[in-house]
Structures are given as structure tokens and as C-alpha cells.
>>> print(open('final23.cif').read())   # mmCIF, C-alpha atoms and all ligand atoms
data_query
#
loop_
_atom_site.group_PDB
_atom_site.id
_atom_site.type_symbol
_atom_site.label_atom_id
_atom_site.label_comp_id
_atom_site.auth_asym_id
_atom_site.auth_seq_id
_atom_site.Cartn_x
_atom_site.Cartn_y
_atom_site.Cartn_z
ATOM 1 C CA MET A 38 157.594 86.917 150.072
ATOM 2 C CA GLN A 39 157.553 87.657 146.350
ATOM 3 C CA THR A 40 160.479 86.623 144.256
ATOM 4 C CA PRO A 41 161.283 88.468 140.981
ATOM 5 C CA HIS A 42 159.975 85.418 139.132
ATOM 6 C CA ASP A 43 156.538 85.691 140.784
ATOM 7 C CA ALA A 44 156.314 89.385 139.926
ATOM 8 C CA PHE A 45 156.936 88.573 136.272
ATOM 9 C CA GLU A 46 154.308 85.826 136.328
ATOM 10 C CA ASP A 47 151.739 88.128 137.921
ATOM 11 C CA ALA A 48 152.343 90.786 135.281
ATOM 12 C CA PHE A 49 152.138 88.168 132.565
ATOM 13 C CA HIS A 50 148.804 86.817 133.840
ATOM 14 C CA ALA A 51 147.367 90.309 134.217
ATOM 15 C CA ALA A 52 148.262 91.105 130.609
ATOM 16 C CA ALA A 53 146.896 87.776 129.351
ATOM 17 C CA ASP A 54 143.705 88.394 131.308
ATOM 18 C CA ARG A 55 143.201 91.778 129.639
ATOM 19 C CA HIS A 56 143.730 90.333 126.173
ATOM 20 C CA GLU A 57 141.398 87.397 126.792
ATOM 21 C CA ARG A 58 138.678 89.698 128.091
ATOM 22 C CA ALA A 59 139.048 91.883 124.990
ATOM 23 C CA TRP A 60 138.794 88.886 122.642
ATOM 24 C CA VAL A 61 135.783 87.416 124.455
ATOM 25 C CA PHE A 62 134.130 90.827 124.282
ATOM 26 C CA MET A 63 134.832 91.099 120.527
ATOM 27 C CA ALA A 64 133.460 87.593 119.931
ATOM 28 C CA ILE A 65 130.240 88.455 121.765
ATOM 29 C CA VAL A 66 129.893 91.688 119.774
ATOM 30 C CA LEU A 67 130.483 89.842 116.459
ATOM 31 C CA ILE A 68 127.994 87.071 117.287
ATOM 32 C CA THR A 69 125.375 89.658 118.304
ATOM 33 C CA LEU A 70 125.956 91.676 115.118
ATOM 34 C CA LEU A 71 125.719 88.557 112.927
ATOM 35 C CA PHE A 72 122.487 87.563 114.649
ATOM 36 C CA ILE A 73 120.887 90.983 114.158
ATOM 37 C CA VAL A 74 122.058 91.389 110.536
ATOM 38 C CA THR A 75 120.928 87.845 109.609
ATOM 39 C CA GLY A 76 117.497 88.439 111.140
ATOM 40 C CA TYR A 77 117.195 91.749 109.325
ATOM 41 C CA LEU A 78 118.193 90.304 105.928
ATOM 42 C CA VAL A 79 115.904 87.285 106.259
ATOM 43 C CA ALA A 80 112.948 89.501 107.160
ATOM 44 C CA ARG A 81 113.749 91.986 104.376
ATOM 45 C CA ASP A 82 114.451 89.552 101.544
ATOM 46 C CA TYR A 83 112.111 86.714 102.341
ATOM 47 C CA GLY A 84 109.369 88.482 104.233
ATOM 48 C CA VAL A 85 107.704 87.312 107.366
ATOM 49 C CA VAL A 86 105.699 84.104 107.498
ATOM 50 C CA VAL A 87 102.640 84.455 105.296
ATOM 51 C CA GLN A 88 99.289 83.753 106.843
ATOM 52 C CA THR A 89 97.093 81.091 105.359
ATOM 53 C CA GLN A 90 93.656 82.383 104.493
ATOM 54 C CA ALA A 91 91.844 79.085 104.124
ATOM 55 C CA THR A 92 92.422 75.374 103.741
ATOM 56 C CA TYR A 93 90.140 72.827 102.107
ATOM 57 C CA SER A 94 90.142 69.066 102.501
ATOM 58 C CA ASN A 95 89.486 68.766 98.775
ATOM 59 C CA PRO A 96 92.521 70.199 96.950
ATOM 60 C CA ASN A 97 90.362 71.055 93.914
ATOM 61 C CA THR A 98 87.969 73.294 95.855
ATOM 62 C CA PRO A 99 89.759 76.688 95.557
ATOM 63 C CA ALA A 100 89.748 76.428 91.757
ATOM 64 C CA THR A 101 85.946 76.152 91.809
ATOM 65 C CA LEU A 102 85.394 79.208 94.031
ATOM 66 C CA ALA A 103 83.742 82.217 92.390
ATOM 67 C CA GLU A 104 86.709 84.523 93.125
ATOM 68 C CA PHE A 105 89.043 82.325 91.108
ATOM 69 C CA GLN A 106 86.712 82.340 88.108
ATOM 70 C CA GLY A 107 86.757 85.155 85.565
ATOM 71 C CA LYS A 108 89.316 87.948 85.611
ATOM 72 C CA GLY A 109 90.811 87.287 89.018
ATOM 73 C CA ILE A 110 91.356 91.011 89.678
ATOM 74 C CA LYS A 111 88.915 92.974 91.788
ATOM 75 C CA GLN A 112 89.225 96.657 92.678
ATOM 76 C CA THR A 113 88.314 97.067 96.340
ATOM 77 C CA GLY A 114 89.063 100.784 96.809
ATOM 78 C CA PRO A 115 90.616 103.814 95.086
ATOM 79 C CA HIS A 116 94.111 102.345 95.443
ATOM 80 C CA SER A 117 93.493 98.765 96.451
ATOM 81 C CA TYR A 118 92.914 95.530 94.611
ATOM 82 C CA ASN A 119 92.338 91.890 95.335
ATOM 83 C CA VAL A 120 94.055 89.435 93.028
ATOM 84 C CA TYR A 121 92.988 85.796 93.009
ATOM 85 C CA MET A 122 96.095 84.086 91.736
ATOM 86 C CA MET A 123 96.013 80.559 90.404
ATOM 87 C CA GLY A 124 99.155 78.675 89.499
ATOM 88 C CA ARG A 125 98.857 75.805 87.046
ATOM 89 C CA VAL A 126 101.421 73.956 84.952
ATOM 90 C CA TRP A 127 102.885 76.191 83.563
ATOM 91 C CA SER A 128 101.333 79.598 83.885
ATOM 92 C CA TRP A 129 99.981 82.129 86.340
ATOM 93 C CA SER A 130 96.457 83.444 86.069
ATOM 94 C CA PRO A 131 95.632 86.309 85.952
ATOM 95 C CA SER A 132 98.542 87.649 83.913
ATOM 96 C CA PRO A 133 99.383 90.320 82.981
ATOM 97 C CA ILE A 134 98.029 92.369 85.878
ATOM 98 C CA ASN A 135 97.788 96.096 85.084
ATOM 99 C CA ILE A 136 97.644 98.428 88.070
ATOM 100 C CA PRO A 137 98.666 102.044 88.705
ATOM 101 C CA ALA A 138 101.622 102.860 90.976
ATOM 102 C CA GLY A 139 100.631 103.280 94.607
ATOM 103 C CA SER A 140 98.245 100.330 94.498
ATOM 104 C CA THR A 141 97.997 98.028 97.468
ATOM 105 C CA VAL A 142 97.355 94.529 96.224
ATOM 106 C CA THR A 143 96.154 91.637 98.335
ATOM 107 C CA PHE A 144 97.042 88.380 96.638
ATOM 108 C CA TYR A 145 95.085 85.225 97.362
ATOM 109 C CA VAL A 146 97.347 82.505 96.079
ATOM 110 C CA THR A 147 96.568 78.879 95.365
ATOM 111 C CA SER A 148 97.422 76.107 92.941
ATOM 112 C CA GLY A 149 95.211 74.125 90.601
ATOM 113 C CA ASP A 150 97.494 71.108 90.391
ATOM 114 C CA VAL A 151 100.925 70.696 91.961
ATOM 115 C CA LEU A 152 103.104 72.845 94.238
ATOM 116 C CA HIS A 153 104.257 76.122 92.725
ATOM 117 C CA GLY A 154 106.253 78.992 94.147
ATOM 118 C CA PHE A 155 104.720 82.443 93.810
ATOM 119 C CA GLU A 156 107.584 84.913 93.836
ATOM 120 C CA VAL A 157 107.360 88.471 92.568
ATOM 121 C CA GLN A 158 110.765 89.793 91.594
ATOM 122 C CA ASP A 159 111.996 93.034 93.192
ATOM 123 C CA THR A 160 109.506 92.592 96.034
ATOM 124 C CA ASP A 161 109.498 90.475 99.177
ATOM 125 C CA ILE A 162 106.499 88.445 97.955
ATOM 126 C CA ASN A 163 107.350 84.758 98.166
ATOM 127 C CA VAL A 164 104.538 82.297 98.804
ATOM 128 C CA THR A 165 104.170 78.612 98.130
ATOM 129 C CA ALA A 166 101.075 77.921 96.029
ATOM 130 C CA ILE A 167 99.521 74.767 97.459
ATOM 131 C CA PRO A 168 96.491 72.904 96.094
ATOM 132 C CA GLY A 169 93.617 73.237 98.568
ATOM 133 C CA VAL A 170 95.265 76.100 100.446
ATOM 134 C CA ILE A 171 94.684 79.805 99.894
ATOM 135 C CA ALA A 172 97.560 81.972 101.115
ATOM 136 C CA LYS A 173 97.167 85.695 101.570
ATOM 137 C CA VAL A 174 99.859 88.313 101.090
ATOM 138 C CA THR A 175 99.565 92.081 100.744
ATOM 139 C CA TYR A 176 102.001 94.378 98.987
ATOM 140 C CA THR A 177 102.036 98.020 97.917
ATOM 141 C CA PHE A 178 103.570 98.718 94.495
ATOM 142 C CA ASP A 179 105.023 102.204 94.955
ATOM 143 C CA LYS A 180 107.172 102.408 91.856
ATOM 144 C CA PRO A 181 106.097 101.931 88.235
ATOM 145 C CA GLY A 182 107.682 99.109 86.280
ATOM 146 C CA VAL A 183 107.304 95.529 85.163
ATOM 147 C CA PHE A 184 107.377 92.955 87.926
ATOM 148 C CA HIS A 185 107.778 89.359 86.886
ATOM 149 C CA ILE A 186 106.052 86.561 88.737
ATOM 150 C CA ILE A 187 108.328 83.554 88.706
ATOM 151 C CA CYS A 188 107.677 80.024 89.865
ATOM 152 C CA ASN A 189 110.433 79.201 92.324
ATOM 153 C CA GLU A 190 109.347 75.648 93.068
ATOM 154 C CA TYR A 191 110.174 73.017 90.481
ATOM 155 C CA CYS A 192 106.875 71.868 88.961
ATOM 156 C CA GLY A 193 107.731 69.958 85.791
ATOM 157 C CA ALA A 194 109.061 70.292 82.252
ATOM 158 C CA GLY A 195 107.812 73.860 81.674
ATOM 159 C CA HIS A 196 108.747 75.186 85.110
ATOM 160 C CA GLN A 197 111.358 77.640 83.860
ATOM 161 C CA ALA A 198 108.787 79.251 81.519
ATOM 162 C CA MET A 199 106.192 79.755 84.243
ATOM 163 C CA ILE A 200 106.419 83.538 84.285
ATOM 164 C CA GLY A 201 103.664 86.068 84.869
ATOM 165 C CA ARG A 202 103.710 89.850 84.649
ATOM 166 C CA ILE A 203 102.543 92.715 86.799
ATOM 167 C CA ASN A 204 102.598 96.028 84.927
ATOM 168 C CA VAL A 205 102.675 98.926 87.355
ATOM 169 C CA THR A 206 101.888 102.067 85.376
ATOM 170 C CA ARG A 207 102.496 105.660 86.393
ATOM 171 C CA SER A 208 99.597 106.725 88.583
ATOM 172 C CA ALA A 209 97.179 109.217 87.030
ATOM 173 C CA THR A 210 97.292 111.567 90.027
HETATM 174 CU CU CU B 301 105.283 76.152 88.786
#
>>> encode(input="final23.cif", output="C-alpha cells")
Amino acid sequence: MQTPHDAFEDAFHAAADRHERAWVFMAIVLITLLFIVTGYLVARDYGVVVQTQATYSNPNTPATLAEFQGKGIKQTGPHSYNVYMMGRVWSWSPSPINIPAGSTVTFYVTSGDVLHGFEVQDTDINVTAIPGVIAKVTYTFDKPGVFHIICNEYCGAGHQAMIGRINVTRSAT
């Protein structure tokens, strides 16, 4: 037989149950949203993991390769270029890079001495320049403007001045 007290307790537990279910549901929704938004922002701002094109047991080898000699910029199609980017204390070569808007650029990035960080501002290009390793990253410059290459890995006394330039001009067409 139910006493009045039991009826109150049952109602109380039913109400508490509803509230707890609602809060657990909200927590699951929030955790899921945070997970998705974090993944999206990381992929958008920092890019996906860059593939390594080649590694050499001798860290000085990439600097001696033909592609890294001379201008370092090679047109490979009507709107595509290869750039062979060498970071050294404390400059990027080639720089400045002049290309028309709409160009797809494949960067082959390496270092001639110590670790550098190859980051192009206003893009999601962010690669570590490692001696003996050639990293490959492709990007399409849709909008004209000046894009600065900054070294984002501390590399010595002139690190903060290690800035390169990519000039994206209005396309002729
Ligand atoms: Cu540097």
C-alpha cells in the first residue's frame, strides 16, 4: 500500500530523473559540438599533415640539388608553378615570388642549416623546414595581395627578421 509520503518520493524521483536525463543529453551535445568545431578549426587554420617528398641521410644534400639552385621558381603550366624554397639563417630563398592570382603553387620546402618554420600568412601553409628533408605543400592563391612568409620556429638572433614575400598580382585574364 502506498502512503502519501511514498507518492511524493515517486514524483520527486521522476522529476529528478527527467532533469538528469536532460543535463546528460546537453553534456553529450556540447562535447560533440566542441569535438567537431575543434577538428574543423584545426584543419582550417593549421592544415592537414603535410606529406614529406623526400628524405636524405646527408642533411646538406637538398641544397645541392639542381632544383634548389638558380631562381627556385619553375612554371609548370598556364596557372601552376613549382617553388623550391630554401630556408637559411635568416632569409627565405626565393623571395620575393611574383605570381598572378589564380596560380597553384607547389612548394618544395627544405632548410640549408637549422630548423625553420615555413608559414605563409593568410593561408593555411605551415611546414617545418628540416635539413635533409623536402616537404611538399600545394596552395592556390586566388586573391591578389602580398603574402608574407614568416619563420615560426626560433632559429637564432635574426629569427624575427626572417621574412619572405609572395606578390600575387591581378591575373591578366
Ligand atoms: Cu628561421
>>> resolve_selection(input="final23.cif", expression="the PyMOL selection byres (((chain A and resi 193) around 12) and not hetatm)", output="compact mmCIF listing (two decimals) with C-alpha atoms, in the coordinates of the input")
# COMPACT_ATOMS: atom_id res chain seq x y z
CA ARG A 125 98.86 75.81 87.05
CA VAL A 126 101.42 73.96 84.95
CA TRP A 127 102.88 76.19 83.56
CA SER A 128 101.33 79.60 83.88
CA ASP A 150 97.49 71.11 90.39
CA VAL A 151 100.92 70.70 91.96
CA LEU A 152 103.10 72.84 94.24
CA HIS A 153 104.26 76.12 92.72
CA CYS A 188 107.68 80.02 89.86
CA ASN A 189 110.43 79.20 92.32
CA GLU A 190 109.35 75.65 93.07
CA TYR A 191 110.17 73.02 90.48
CA CYS A 192 106.88 71.87 88.96
CA ALA A 194 109.06 70.29 82.25
CA GLY A 195 107.81 73.86 81.67
CA HIS A 196 108.75 75.19 85.11
CA GLN A 197 111.36 77.64 83.86
CA ALA A 198 108.79 79.25 81.52
CA MET A 199 106.19 79.76 84.24
>>> residues_around(input="final23.cif", residues="Gly169 of chain A", least_positions_apart="6", cutoff="12 Å", atoms="all atoms listed in the file", output="list in words")
Thr89, Gln90, Ala91, Thr92, Tyr93, Ser94, Asn95, Pro96, Asn97, Thr98, Pro99, Ala100, Thr101, Leu102, Met123, Gly124, Val146, Thr147, Ser148, Gly149, Asp150, Val151 and Leu152 of chain A
>>> atom_distance(input="final23.cif", atom1="atom CA of Asn163 of chain A", atom2="atom CA of Gly182 of chain A")
18.6 Å
>>> residues_around(input="final23.cif", residues="Thr175 of chain A", least_positions_apart="5", cutoff="7 Å", atoms="all atoms listed in the file", output="list in words")
Thr141, Val142, Thr143 and Phe144 of chain A
>>> write_last_selection(input="final23.cif", atoms="C-alpha atoms", output="PDB file, in the frame of the given file")
ATOM      1  CA  THR A 141      97.997  98.028  97.468  1.00  0.00           C
ATOM      2  CA  VAL A 142      97.355  94.529  96.224  1.00  0.00           C
ATOM      3  CA  THR A 143      96.154  91.637  98.335  1.00  0.00           C
ATOM      4  CA  PHE A 144      97.042  88.380  96.638  1.00  0.00           C
TER       5      PHE A 144
END
>>> closest_residue(input="final23.cif", among="A:Tyr145, A:Phe184, A:Trp129, A:Phe178", to="ligand CU 301 (chain B)", atoms="all atoms listed in the file")
A:Trp129
>>> residues_near_point(input="final23.cif", point="(97.5, 88.3, 85.5)", cutoff="10 Å", atoms="all atoms listed in the file", output="PyMOL selection string")
chain A and resi 108-110+120-123+128-135+186+201-204
>>> write_last_selection(input="final23.cif", atoms="C-alpha atoms", output="PDB file, keeping the file's coordinate frame")
ATOM      1  CA  LYS A 108      89.316  87.948  85.611  1.00  0.00           C
ATOM      2  CA  GLY A 109      90.811  87.287  89.018  1.00  0.00           C
ATOM      3  CA  ILE A 110      91.356  91.011  89.678  1.00  0.00           C
ATOM      4  CA  VAL A 120      94.055  89.435  93.028  1.00  0.00           C
ATOM      5  CA  TYR A 121      92.988  85.796  93.009  1.00  0.00           C
ATOM      6  CA  MET A 122      96.095  84.086  91.736  1.00  0.00           C
ATOM      7  CA  MET A 123      96.013  80.559  90.404  1.00  0.00           C
ATOM      8  CA  SER A 128     101.333  79.598  83.885  1.00  0.00           C
ATOM      9  CA  TRP A 129      99.981  82.129  86.340  1.00  0.00           C
ATOM     10  CA  SER A 130      96.457  83.444  86.069  1.00  0.00           C
ATOM     11  CA  PRO A 131      95.632  86.309  85.952  1.00  0.00           C
ATOM     12  CA  SER A 132      98.542  87.649  83.913  1.00  0.00           C
ATOM     13  CA  PRO A 133      99.383  90.320  82.981  1.00  0.00           C
ATOM     14  CA  ILE A 134      98.029  92.369  85.878  1.00  0.00           C
ATOM     15  CA  ASN A 135      97.788  96.096  85.084  1.00  0.00           C
ATOM     16  CA  ILE A 186     106.052  86.561  88.737  1.00  0.00           C
ATOM     17  CA  GLY A 201     103.664  86.068  84.869  1.00  0.00           C
ATOM     18  CA  ARG A 202     103.710  89.850  84.649  1.00  0.00           C
ATOM     19  CA  ILE A 203     102.543  92.715  86.799  1.00  0.00           C
ATOM     20  CA  ASN A 204     102.598  96.028  84.927  1.00  0.00           C
TER      21      ASN A 204
END
>>> atom_distance(input="final23.cif", atom1="atom CA of Thr206 of chain A", atom2="atom CA of Gly107 of chain A")
22.7 Å
>>> atom_distance(input="final23.cif", atom1="atom CA of Ile171 of chain A", atom2="atom CA of Asp159 of chain A")
22.8 Å
>>> closest_residue(input="final23.cif", among="A:Phe155, A:Phe49, A:Tyr77, A:Phe105", to="ligand CU 301 (chain B)", atoms="only C-alpha atoms and all ligand atoms")
A:Phe155
>>> closest_residue(input="final23.cif", among="A:Thr165, A:Gln158, A:Ser140, A:Ser208", to="ligand CU 301 (chain B)", atoms="all atoms listed in the file")
A:Thr165
>>> closest_residue(input="final23.cif", among="A:Val183, A:Val205, A:Val74, A:Ile167", to="ligand CU 301 (chain B)", atoms="all atoms listed in the file")
A:Ile167
>>> closest_residue(input="final23.cif", among="A:Arg81, A:Gln112, A:Ser117, A:Ile200", to="Glu156 of chain A", atoms="all atoms listed in the file")
A:Ile200
>>> closest_residue(input="final23.cif", among="A:Met63, A:Ala166, A:Pro181, A:Tyr118", to="ligand CU 301 (chain B)", atoms="only C-alpha atoms and all ligand atoms")
A:Ala166
>>> decode(input="final23.cif", residues="segment 137-182 of chain A", atoms="C-alpha atoms", output="compact mmCIF listing (two decimals), in the first residue's frame")
# COMPACT_ATOMS: atom_id res chain seq x y z
CA PRO A 137 49.48 36.11 -60.95
CA ALA A 138 46.26 35.49 -58.99
CA GLY A 139 44.78 32.07 -59.63
CA SER A 140 48.17 30.36 -59.57
CA THR A 141 48.52 26.97 -57.97
CA VAL A 142 51.91 26.75 -56.35
CA THR A 143 53.59 23.57 -55.19
CA PHE A 144 56.22 24.40 -52.61
CA TYR A 145 59.14 22.07 -52.00
CA VAL A 146 60.47 23.22 -48.67
CA THR A 147 63.77 22.45 -47.02
CA SER A 148 66.42 24.05 -44.85
CA GLY A 149 70.09 24.66 -45.50
CA ASP A 150 71.12 24.78 -41.86
CA VAL A 151 68.85 24.58 -38.82
CA LEU A 152 65.11 24.06 -38.30
CA HIS A 153 62.90 26.81 -39.68
CA GLY A 154 59.15 27.19 -39.85
CA PHE A 155 57.69 27.96 -43.26
CA GLU A 156 54.42 29.77 -42.66
CA VAL A 157 52.63 31.88 -45.24
CA GLN A 158 50.36 34.41 -43.60
CA ASP A 159 46.66 34.46 -44.57
CA THR A 160 46.95 30.91 -45.88
CA ASP A 161 46.96 27.51 -44.21
CA ILE A 162 50.56 26.83 -45.32
CA ASN A 163 52.61 25.85 -42.29
CA VAL A 164 55.53 23.48 -42.78
CA THR A 165 58.64 22.81 -40.77
CA ALA A 166 61.75 23.27 -42.91
CA ILE A 167 64.12 20.48 -41.92
CA PRO A 168 67.68 19.96 -43.17
CA GLY A 169 67.80 16.82 -45.31
CA VAL A 170 64.02 16.67 -45.70
CA ILE A 171 61.98 18.06 -48.57
CA ALA A 172 58.35 18.73 -47.64
CA LYS A 173 55.72 19.32 -50.28
CA VAL A 174 52.68 21.55 -49.96
CA THR A 175 50.34 22.89 -52.63
CA TYR A 176 48.26 26.04 -52.43
CA THR A 177 46.18 28.10 -54.85
CA PHE A 178 46.49 31.88 -54.49
CA ASP A 179 43.05 33.09 -55.56
CA LYS A 180 43.23 36.67 -54.38
CA PRO A 181 45.85 39.29 -55.28
CA GLY A 182 47.93 40.74 -52.47
